[in-house]
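Novice: I'd like to ask some things about the structure below.
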Amino acid sequence: MNINNIHVELPKIVGDGTEFFLQATPPASVACAAHVHKAVELLYVKKGSYTVLLDGVEYEIEKGDLVLFCSNAIHHVFTKNLPENEYYVIKISPAFFLQFSTQEEGAEYVMRFAINRKGSKNIWKQEELEGTPLFYALKSLITEHECNKYASQVAIKLKIMELLVEILRSDSSAVERAPHTQAAALIYNTMVYVRNHFAEDMDERELAH
């Protein structure tokens, strides 16, 4: 697919709104306009350099850098002046964890990705990524994507899960802040309810229930 000289390869859909693809964008252009969505999104730069606006904060990212956009975070991406600019995009449903754990346990993990909290890590530079379990999980995912072997969709789904686990483990502040699993499930379910009924006149007693 090619829109205004932006080339997006056909995404690999691995279920429940989770997809993986490579995007190439010309220099000095908009890679993606400001937008927000409920999916968690990861960008990993293969070539070039970009300016990223995340909830109003500007970051400069280059080859080998990883960016995390939490669910509902406003983000905007521009290419800089290098001739070749490509990044991998991983879009993940916030409920992805619930496929691999109980609802209460999964909700605790989802909270790390559902809200862009102050102090949470969103940018990993190449020099801090290389040689870490997070780096190897990412490289393994890309290799599986590119080799396109039999049952690759299943393998990609598992490797995305591995990547998310490594993000959780690498973020010590998230571990320290992690709420009790039951409390996390209640908070997450309330967030889902509000998102699904935001246009209605919600009653505080109903929300409390």
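Labels for the structure tokens follow display order: chains A, B, ..., residues from 1 in each chain, ligands from 1.
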Taking the backbone alone, and naming residues the way the document does, which bits of chain A are strand (DSSP E) by DSSP, as an NGL selection string?
Specialist: :A and (2-3 or 6-8 or 12-13 or 19-24 or 30-35 or 40-47 or 49-54 or 57-62 or 66-69 or 75-79 or 86-92 or 123-124)
Novice: Would you pick out the contacts of segment 58-71 of chain A at 9 Å or less, using only C-alpha atoms, so that residues sharing its chain but fewer than 4 positions from it are not included, and give the list as an MDAnalysis selection string?
Specialist: chainID A and resid 36:54 75 85:87 93:94 112:116 121:127 129:130
Novice: The selected residues should be written to file as a compact mmCIF listing (two decimals), in the first residue's frame (atoms: N, CA, C and O atoms).
Specialist:
```
# COMPACT_ATOMS: atom_id res chain seq x y z
N VAL A 36 -5.06 9.09 18.19
CA VAL A 36 -5.15 8.33 19.43
C VAL A 36 -5.99 7.09 19.15
O VAL A 36 -6.91 7.12 18.32
N HIS A 37 -5.67 5.98 19.78
CA HIS A 37 -6.45 4.76 19.63
C HIS A 37 -6.27 3.91 20.88
O HIS A 37 -5.37 4.14 21.69
N LYS A 38 -7.12 2.93 21.02
CA LYS A 38 -7.05 2.11 22.23
C LYS A 38 -5.93 1.07 22.18
O LYS A 38 -5.55 0.51 23.21
N ALA A 39 -5.38 0.81 20.99
CA ALA A 39 -4.31 -0.17 20.88
C ALA A 39 -3.02 0.35 21.51
O ALA A 39 -2.74 1.55 21.51
N VAL A 40 -2.24 -0.55 22.06
CA VAL A 40 -0.87 -0.26 22.46
C VAL A 40 -0.02 -0.36 21.19
O VAL A 40 -0.23 -1.25 20.37
N GLU A 41 0.92 0.56 21.02
CA GLU A 41 1.70 0.57 19.78
C GLU A 41 3.18 0.67 20.09
O GLU A 41 3.60 1.45 20.95
N LEU A 42 3.97 -0.14 19.39
CA LEU A 42 5.42 -0.10 19.50
C LEU A 42 6.00 0.25 18.14
O LEU A 42 5.56 -0.29 17.11
N LEU A 43 6.98 1.16 18.12
CA LEU A 43 7.72 1.48 16.90
C LEU A 43 9.18 1.12 17.12
O LEU A 43 9.77 1.51 18.14
N TYR A 44 9.76 0.40 16.16
CA TYR A 44 11.19 0.08 16.23
C TYR A 44 11.82 0.55 14.93
O TYR A 44 11.44 0.10 13.83
N VAL A 45 12.78 1.47 15.03
CA VAL A 45 13.35 2.11 13.84
C VAL A 45 14.36 1.20 13.16
O VAL A 45 15.35 0.80 13.76
N LYS A 46 14.09 0.89 11.90
CA LYS A 46 15.01 0.06 11.10
C LYS A 46 16.03 0.93 10.37
O LYS A 46 17.22 0.60 10.30
N LYS A 47 15.56 2.08 9.83
CA LYS A 47 16.43 3.01 9.11
C LYS A 47 15.96 4.43 9.37
O LYS A 47 14.77 4.67 9.60
N GLY A 48 16.91 5.38 9.29
CA GLY A 48 16.54 6.78 9.32
C GLY A 48 16.43 7.38 10.71
O GLY A 48 16.93 6.83 11.69
N SER A 49 15.74 8.53 10.78
CA SER A 49 15.55 9.23 12.04
C SER A 49 14.21 9.94 12.03
O SER A 49 13.72 10.36 10.98
N TYR A 50 13.64 10.11 13.22
CA TYR A 50 12.29 10.64 13.35
C TYR A 50 12.20 11.59 14.54
O TYR A 50 12.98 11.49 15.49
N THR A 51 11.19 12.45 14.48
CA THR A 51 10.76 13.22 15.64
C THR A 51 9.40 12.68 16.06
O THR A 51 8.50 12.55 15.22
N VAL A 52 9.28 12.34 17.33
CA VAL A 52 8.04 11.78 17.86
C VAL A 52 7.46 12.74 18.89
O VAL A 52 8.18 13.21 19.79
N LEU A 53 6.18 13.05 18.76
CA LEU A 53 5.46 13.80 19.77
C LEU A 53 4.55 12.83 20.51
O LEU A 53 3.68 12.20 19.90
N LEU A 54 4.76 12.70 21.82
CA LEU A 54 3.98 11.77 22.63
C LEU A 54 3.36 12.55 23.78
O LEU A 54 4.06 13.03 24.67
N HIS A 75 -0.21 10.62 19.78
CA HIS A 75 1.14 10.56 19.22
C HIS A 75 1.16 11.01 17.76
O HIS A 75 0.16 10.90 17.05
N ASN A 85 13.81 6.03 5.51
CA ASN A 85 13.22 6.00 6.84
C ASN A 85 12.21 4.86 6.92
O ASN A 85 11.20 4.87 6.21
N GLU A 86 12.50 3.89 7.77
CA GLU A 86 11.61 2.74 7.93
C GLU A 86 11.51 2.37 9.41
O GLU A 86 12.50 2.45 10.14
N TYR A 87 10.31 1.99 9.83
CA TYR A 87 10.15 1.45 11.17
C TYR A 87 9.12 0.34 11.18
O TYR A 87 8.21 0.31 10.36
N SER A 93 -3.81 -5.12 21.02
CA SER A 93 -5.00 -4.87 21.82
C SER A 93 -4.64 -4.84 23.30
O SER A 93 -3.86 -5.66 23.77
N PRO A 94 -5.20 -3.88 24.08
CA PRO A 94 -4.91 -3.86 25.52
C PRO A 94 -5.30 -5.15 26.23
O PRO A 94 -4.78 -5.46 27.30
N ARG A 112 0.01 -1.42 32.88
CA ARG A 112 1.29 -0.81 32.48
C ARG A 112 1.19 -0.20 31.09
O ARG A 112 1.83 0.83 30.79
N PHE A 113 0.37 -0.81 30.23
CA PHE A 113 0.28 -0.37 28.84
C PHE A 113 -0.97 0.44 28.54
O PHE A 113 -1.08 1.04 27.47
N ALA A 114 -1.91 0.46 29.48
CA ALA A 114 -3.19 1.13 29.23
C ALA A 114 -3.11 2.63 29.52
O ALA A 114 -3.88 3.40 28.97
N ILE A 115 -2.17 3.04 30.40
CA ILE A 115 -2.08 4.44 30.79
C ILE A 115 -0.63 4.90 30.69
O ILE A 115 0.27 4.21 31.16
N ASN A 116 -0.42 6.07 30.10
CA ASN A 116 0.92 6.64 30.00
C ASN A 116 1.22 7.39 31.30
O ASN A 116 1.03 8.59 31.41
N LYS A 121 8.64 4.29 31.43
CA LYS A 121 9.60 4.37 30.32
C LYS A 121 8.87 4.15 29.00
O LYS A 121 8.12 3.20 28.83
N ASN A 122 9.12 5.06 28.05
CA ASN A 122 8.49 4.97 26.74
C ASN A 122 9.49 4.92 25.58
O ASN A 122 9.12 4.58 24.47
N ILE A 123 10.74 5.29 25.86
CA ILE A 123 11.77 5.32 24.82
C ILE A 123 12.97 4.49 25.28
O ILE A 123 13.47 4.68 26.39
N TRP A 124 13.41 3.59 24.42
CA TRP A 124 14.65 2.83 24.65
C TRP A 124 15.60 3.16 23.51
O TRP A 124 15.31 2.87 22.34
N LYS A 125 16.73 3.78 23.82
CA LYS A 125 17.72 4.10 22.81
C LYS A 125 18.52 2.85 22.45
O LYS A 125 18.63 1.91 23.25
N GLN A 126 19.09 2.84 21.27
CA GLN A 126 19.81 1.67 20.77
C GLN A 126 20.89 1.20 21.74
O GLN A 126 21.02 0.00 22.02
N GLU A 127 21.65 2.15 22.30
CA GLU A 127 22.77 1.78 23.16
C GLU A 127 22.33 1.11 24.47
O GLU A 127 23.06 0.31 25.03
N LEU A 129 19.43 -0.65 24.64
CA LEU A 129 18.69 -1.86 24.25
C LEU A 129 19.61 -3.03 23.96
O LEU A 129 19.34 -4.16 24.38
N GLU A 130 20.69 -2.77 23.24
CA GLU A 130 21.54 -3.85 22.73
C GLU A 130 22.07 -4.73 23.85
O GLU A 130 22.54 -4.25 24.88
```
Novice: Please identify all polymer residues within 6 Å of segment 14-18 of chain A, counting only C-alpha atoms, omitting same-chain residues fewer than 5 positions from it, and present them as a PyMOL selection string.
Specialist: chain A and resi 91-93+153+157
Novice: Pull C-alpha atoms from the residues just selected and write them as a PDB file, in the first residue's frame.
Specialist:
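Saved as result07.pdb:
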```pdb
ATOM      1  CA  LYS A  91      -0.202  -2.705  17.340  1.00  0.00           C
ATOM      2  CA  ILE A  92      -1.568  -4.691  20.259  1.00  0.00           C
ATOM      3  CA  SER A  93      -5.005  -4.873  21.821  1.00  0.00           C
ATOM      4  CA  GLN A 153       1.199 -16.053  12.857  1.00  0.00           C
ATOM      5  CA  LYS A 157       1.772 -13.858  18.618  1.00  0.00           C
TER       6      LYS A 157
END
```
Novice: Find the residues around segment 25-33 of chain A up to 6 Å (only C-alpha atoms counted), leave out those fewer than 6 positions away in its own chain, and share them as a PDB file with N, CA and C atoms, in the first residue's frame.
Specialist:
```pdb
ATOM      1  N   ILE A   6       4.066   7.180   1.289  1.00  0.00           N
ATOM      2  CA  ILE A   6       4.282   6.346   2.466  1.00  0.00           C
ATOM      3  C   ILE A   6       3.953   4.909   2.081  1.00  0.00           C
ATOM      4  N   HIS A  76       2.304  11.529  17.350  1.00  0.00           N
ATOM      5  CA  HIS A  76       2.502  12.160  16.046  1.00  0.00           C
ATOM      6  C   HIS A  76       3.950  11.898  15.660  1.00  0.00           C
ATOM      7  N   VAL A  77       4.203  11.418  14.448  1.00  0.00           N
ATOM      8  CA  VAL A  77       5.559  11.026  14.049  1.00  0.00           C
ATOM      9  C   VAL A  77       5.932  11.715  12.737  1.00  0.00           C
ATOM     10  N   PHE A  78       7.123  12.340  12.703  1.00  0.00           N
ATOM     11  CA  PHE A  78       7.652  12.997  11.515  1.00  0.00           C
ATOM     12  C   PHE A  78       9.005  12.390  11.159  1.00  0.00           C
ATOM     13  N   THR A  79       9.286  12.276   9.861  1.00  0.00           N
ATOM     14  CA  THR A  79      10.641  11.904   9.454  1.00  0.00           C
ATOM     15  C   THR A  79      11.516  13.152   9.436  1.00  0.00           C
ATOM     16  N   LYS A  80      12.825  12.934   9.610  1.00  0.00           N
ATOM     17  CA  LYS A  80      13.777  14.042   9.498  1.00  0.00           C
ATOM     18  C   LYS A  80      14.329  14.046   8.063  1.00  0.00           C
ATOM     19  N   ASN A  81      15.588  14.339   7.878  1.00  0.00           N
ATOM     20  CA  ASN A  81      16.078  14.589   6.519  1.00  0.00           C
ATOM     21  C   ASN A  81      16.847  13.442   5.874  1.00  0.00           C
ATOM     22  N   LEU A  82      16.972  12.304   6.533  1.00  0.00           N
ATOM     23  CA  LEU A  82      17.688  11.184   5.924  1.00  0.00           C
ATOM     24  C   LEU A  82      16.860  10.599   4.772  1.00  0.00           C
ATOM     25  N   PRO A  83      17.526  10.104   3.732  1.00  0.00           N
ATOM     26  CA  PRO A  83      16.787   9.662   2.535  1.00  0.00           C
ATOM     27  C   PRO A  83      15.915   8.419   2.756  1.00  0.00           C
ATOM     28  N   ASN A  85      13.814   6.029   5.506  1.00  0.00           N
ATOM     29  CA  ASN A  85      13.223   6.002   6.843  1.00  0.00           C
ATOM     30  C   ASN A  85      12.208   4.862   6.923  1.00  0.00           C
TER      31      ASN A  85
END
```
Novice: Provide the atom CA of His35 of chain A to atom CA of Ile74 of chain A distance in Å, to one decimal place.
Specialist: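 Interatomic distance here is 5.6 Å.
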Novice: What lies within 12 Å of Ile156 of chain A using only C-alpha atoms, ignoring chain neighbours under 4 positions off, as number ranges by chain?
Specialist: A: 12-15, 18-21, 90, 92, 137-152, 160-163
Novice: Could you write those residues out with N, CA, C and O atoms, as a short mmCIF file (atom, residue, chain, number, x, y, z; two decimals), in the first residue's frame?
Specialist:
```cif
data_model
loop_
_atom_site.label_atom_id
_atom_site.label_comp_id
_atom_site.auth_asym_id
_atom_site.auth_seq_id
_atom_site.Cartn_x
_atom_site.Cartn_y
_atom_site.Cartn_z
N LYS A 12 0.64 -8.25 9.11
CA LYS A 12 0.34 -9.61 9.56
C LYS A 12 -0.60 -9.49 10.75
O LYS A 12 -0.24 -8.89 11.78
N ILE A 13 -1.80 -10.00 10.60
CA ILE A 13 -2.79 -9.95 11.66
C ILE A 13 -2.69 -11.24 12.46
O ILE A 13 -2.79 -12.33 11.91
N VAL A 14 -2.50 -11.10 13.77
CA VAL A 14 -2.33 -12.30 14.60
C VAL A 14 -3.44 -12.42 15.63
O VAL A 14 -3.29 -13.05 16.65
N GLY A 15 -4.58 -11.82 15.31
CA GLY A 15 -5.77 -12.01 16.14
C GLY A 15 -6.03 -10.88 17.10
O GLY A 15 -5.12 -10.20 17.56
N THR A 18 -4.41 -7.36 16.86
CA THR A 18 -2.95 -7.26 16.97
C THR A 18 -2.33 -7.46 15.59
O THR A 18 -2.64 -8.43 14.91
N GLU A 19 -1.45 -6.54 15.19
CA GLU A 19 -0.85 -6.64 13.86
C GLU A 19 0.59 -6.15 13.88
O GLU A 19 1.02 -5.44 14.80
N PHE A 20 1.33 -6.52 12.82
CA PHE A 20 2.76 -6.24 12.74
C PHE A 20 3.09 -5.93 11.29
O PHE A 20 2.73 -6.70 10.39
N PHE A 21 3.77 -4.78 11.04
CA PHE A 21 4.11 -4.43 9.66
C PHE A 21 5.27 -3.45 9.64
O PHE A 21 5.66 -2.89 10.67
N ILE A 90 4.12 -2.40 15.72
CA ILE A 90 3.41 -3.49 16.38
C ILE A 90 2.22 -2.88 17.10
O ILE A 90 2.41 -2.07 18.02
N ILE A 92 -1.14 -3.61 19.37
CA ILE A 92 -1.57 -4.69 20.26
C ILE A 92 -2.82 -4.27 21.01
O ILE A 92 -2.86 -3.18 21.60
N ALA A 137 14.39 -10.33 22.35
CA ALA A 137 12.97 -10.64 22.08
C ALA A 137 12.50 -9.90 20.85
O ALA A 137 11.78 -10.45 20.00
N LEU A 138 12.92 -8.66 20.72
CA LEU A 138 12.55 -7.84 19.56
C LEU A 138 13.15 -8.40 18.28
O LEU A 138 12.47 -8.54 17.25
N LYS A 139 14.44 -8.76 18.32
CA LYS A 139 15.10 -9.30 17.13
C LYS A 139 14.49 -10.64 16.72
O LYS A 139 14.34 -10.94 15.53
N SER A 140 14.13 -11.46 17.70
CA SER A 140 13.51 -12.75 17.41
C SER A 140 12.16 -12.55 16.73
O SER A 140 11.80 -13.27 15.79
N LEU A 141 11.41 -11.55 17.18
CA LEU A 141 10.11 -11.23 16.58
C LEU A 141 10.28 -10.78 15.13
O LEU A 141 9.57 -11.24 14.23
N ILE A 142 11.25 -9.92 14.87
CA ILE A 142 11.49 -9.42 13.51
C ILE A 142 11.94 -10.55 12.59
O ILE A 142 11.49 -10.65 11.44
N THR A 143 12.81 -11.43 13.09
CA THR A 143 13.27 -12.58 12.29
C THR A 143 12.10 -13.46 11.90
O THR A 143 11.98 -13.89 10.74
N GLU A 144 11.22 -13.72 12.84
CA GLU A 144 10.04 -14.55 12.55
C GLU A 144 9.15 -13.88 11.53
O GLU A 144 8.61 -14.52 10.63
N HIS A 145 8.99 -12.59 11.64
CA HIS A 145 8.18 -11.82 10.69
C HIS A 145 8.75 -11.89 9.28
O HIS A 145 8.02 -12.06 8.30
N GLU A 146 10.07 -11.77 9.18
CA GLU A 146 10.70 -11.70 7.86
C GLU A 146 10.86 -13.06 7.19
O GLU A 146 10.82 -13.17 5.97
N CYS A 147 11.04 -14.13 7.97
CA CYS A 147 11.27 -15.44 7.36
C CYS A 147 9.97 -16.07 6.87
O CYS A 147 9.98 -16.93 5.98
N ASN A 148 8.83 -15.69 7.47
CA ASN A 148 7.52 -16.14 7.01
C ASN A 148 7.41 -17.65 6.91
O ASN A 148 6.98 -18.21 5.91
N LYS A 149 7.80 -18.34 7.96
CA LYS A 149 7.71 -19.80 7.98
C LYS A 149 6.29 -20.27 8.24
O LYS A 149 5.39 -19.47 8.54
N TYR A 150 6.11 -21.57 8.13
CA TYR A 150 4.82 -22.18 8.46
C TYR A 150 4.44 -21.84 9.91
O TYR A 150 5.28 -21.87 10.80
N ALA A 151 3.17 -21.52 10.12
CA ALA A 151 2.63 -21.16 11.45
C ALA A 151 3.27 -19.89 12.01
O ALA A 151 3.37 -19.71 13.22
N SER A 152 3.71 -18.98 11.12
CA SER A 152 4.37 -17.77 11.59
C SER A 152 3.44 -16.88 12.40
O SER A 152 3.88 -16.19 13.32
N ILE A 160 5.40 -11.62 20.40
CA ILE A 160 4.91 -10.33 20.87
C ILE A 160 4.67 -10.39 22.37
O ILE A 160 5.00 -9.47 23.12
N MET A 161 4.12 -11.51 22.83
CA MET A 161 3.89 -11.68 24.25
C MET A 161 5.22 -11.66 25.00
O MET A 161 5.35 -11.02 26.06
N GLU A 162 6.22 -12.33 24.45
CA GLU A 162 7.55 -12.35 25.08
C GLU A 162 8.12 -10.94 25.15
O GLU A 162 8.72 -10.54 26.17
N LEU A 163 7.93 -10.17 24.09
CA LEU A 163 8.41 -8.79 24.05
C LEU A 163 7.74 -7.94 25.14
O LEU A 163 8.41 -7.18 25.85
#
```
Novice: Please return as number ranges by chain: the residues of segment 71-167 of chain A that backbone DSSP assigns to helix (DSSP H, G or I).
Specialist: A: 96-99, 103-114, 126-129, 133-147, 152-167
Novice: From the options A:Tyr109, A:Leu22, A:Met202, A:Ala34, which residue's atoms come nearest to Phe96 of chain A, counting only C-alpha atoms?
Specialist: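 Checking each of A:Tyr109, A:Leu22, A:Met202, A:Ala34 against Phe96 of chain A, counting only C-alpha atoms, the winner is A:Tyr109.
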Novice: Please, what distance in Å, to one decimal, runs between atom CA of Asn196 of chain A and atom CA of Asp55 of chain A?
Specialist: 22.2 Å
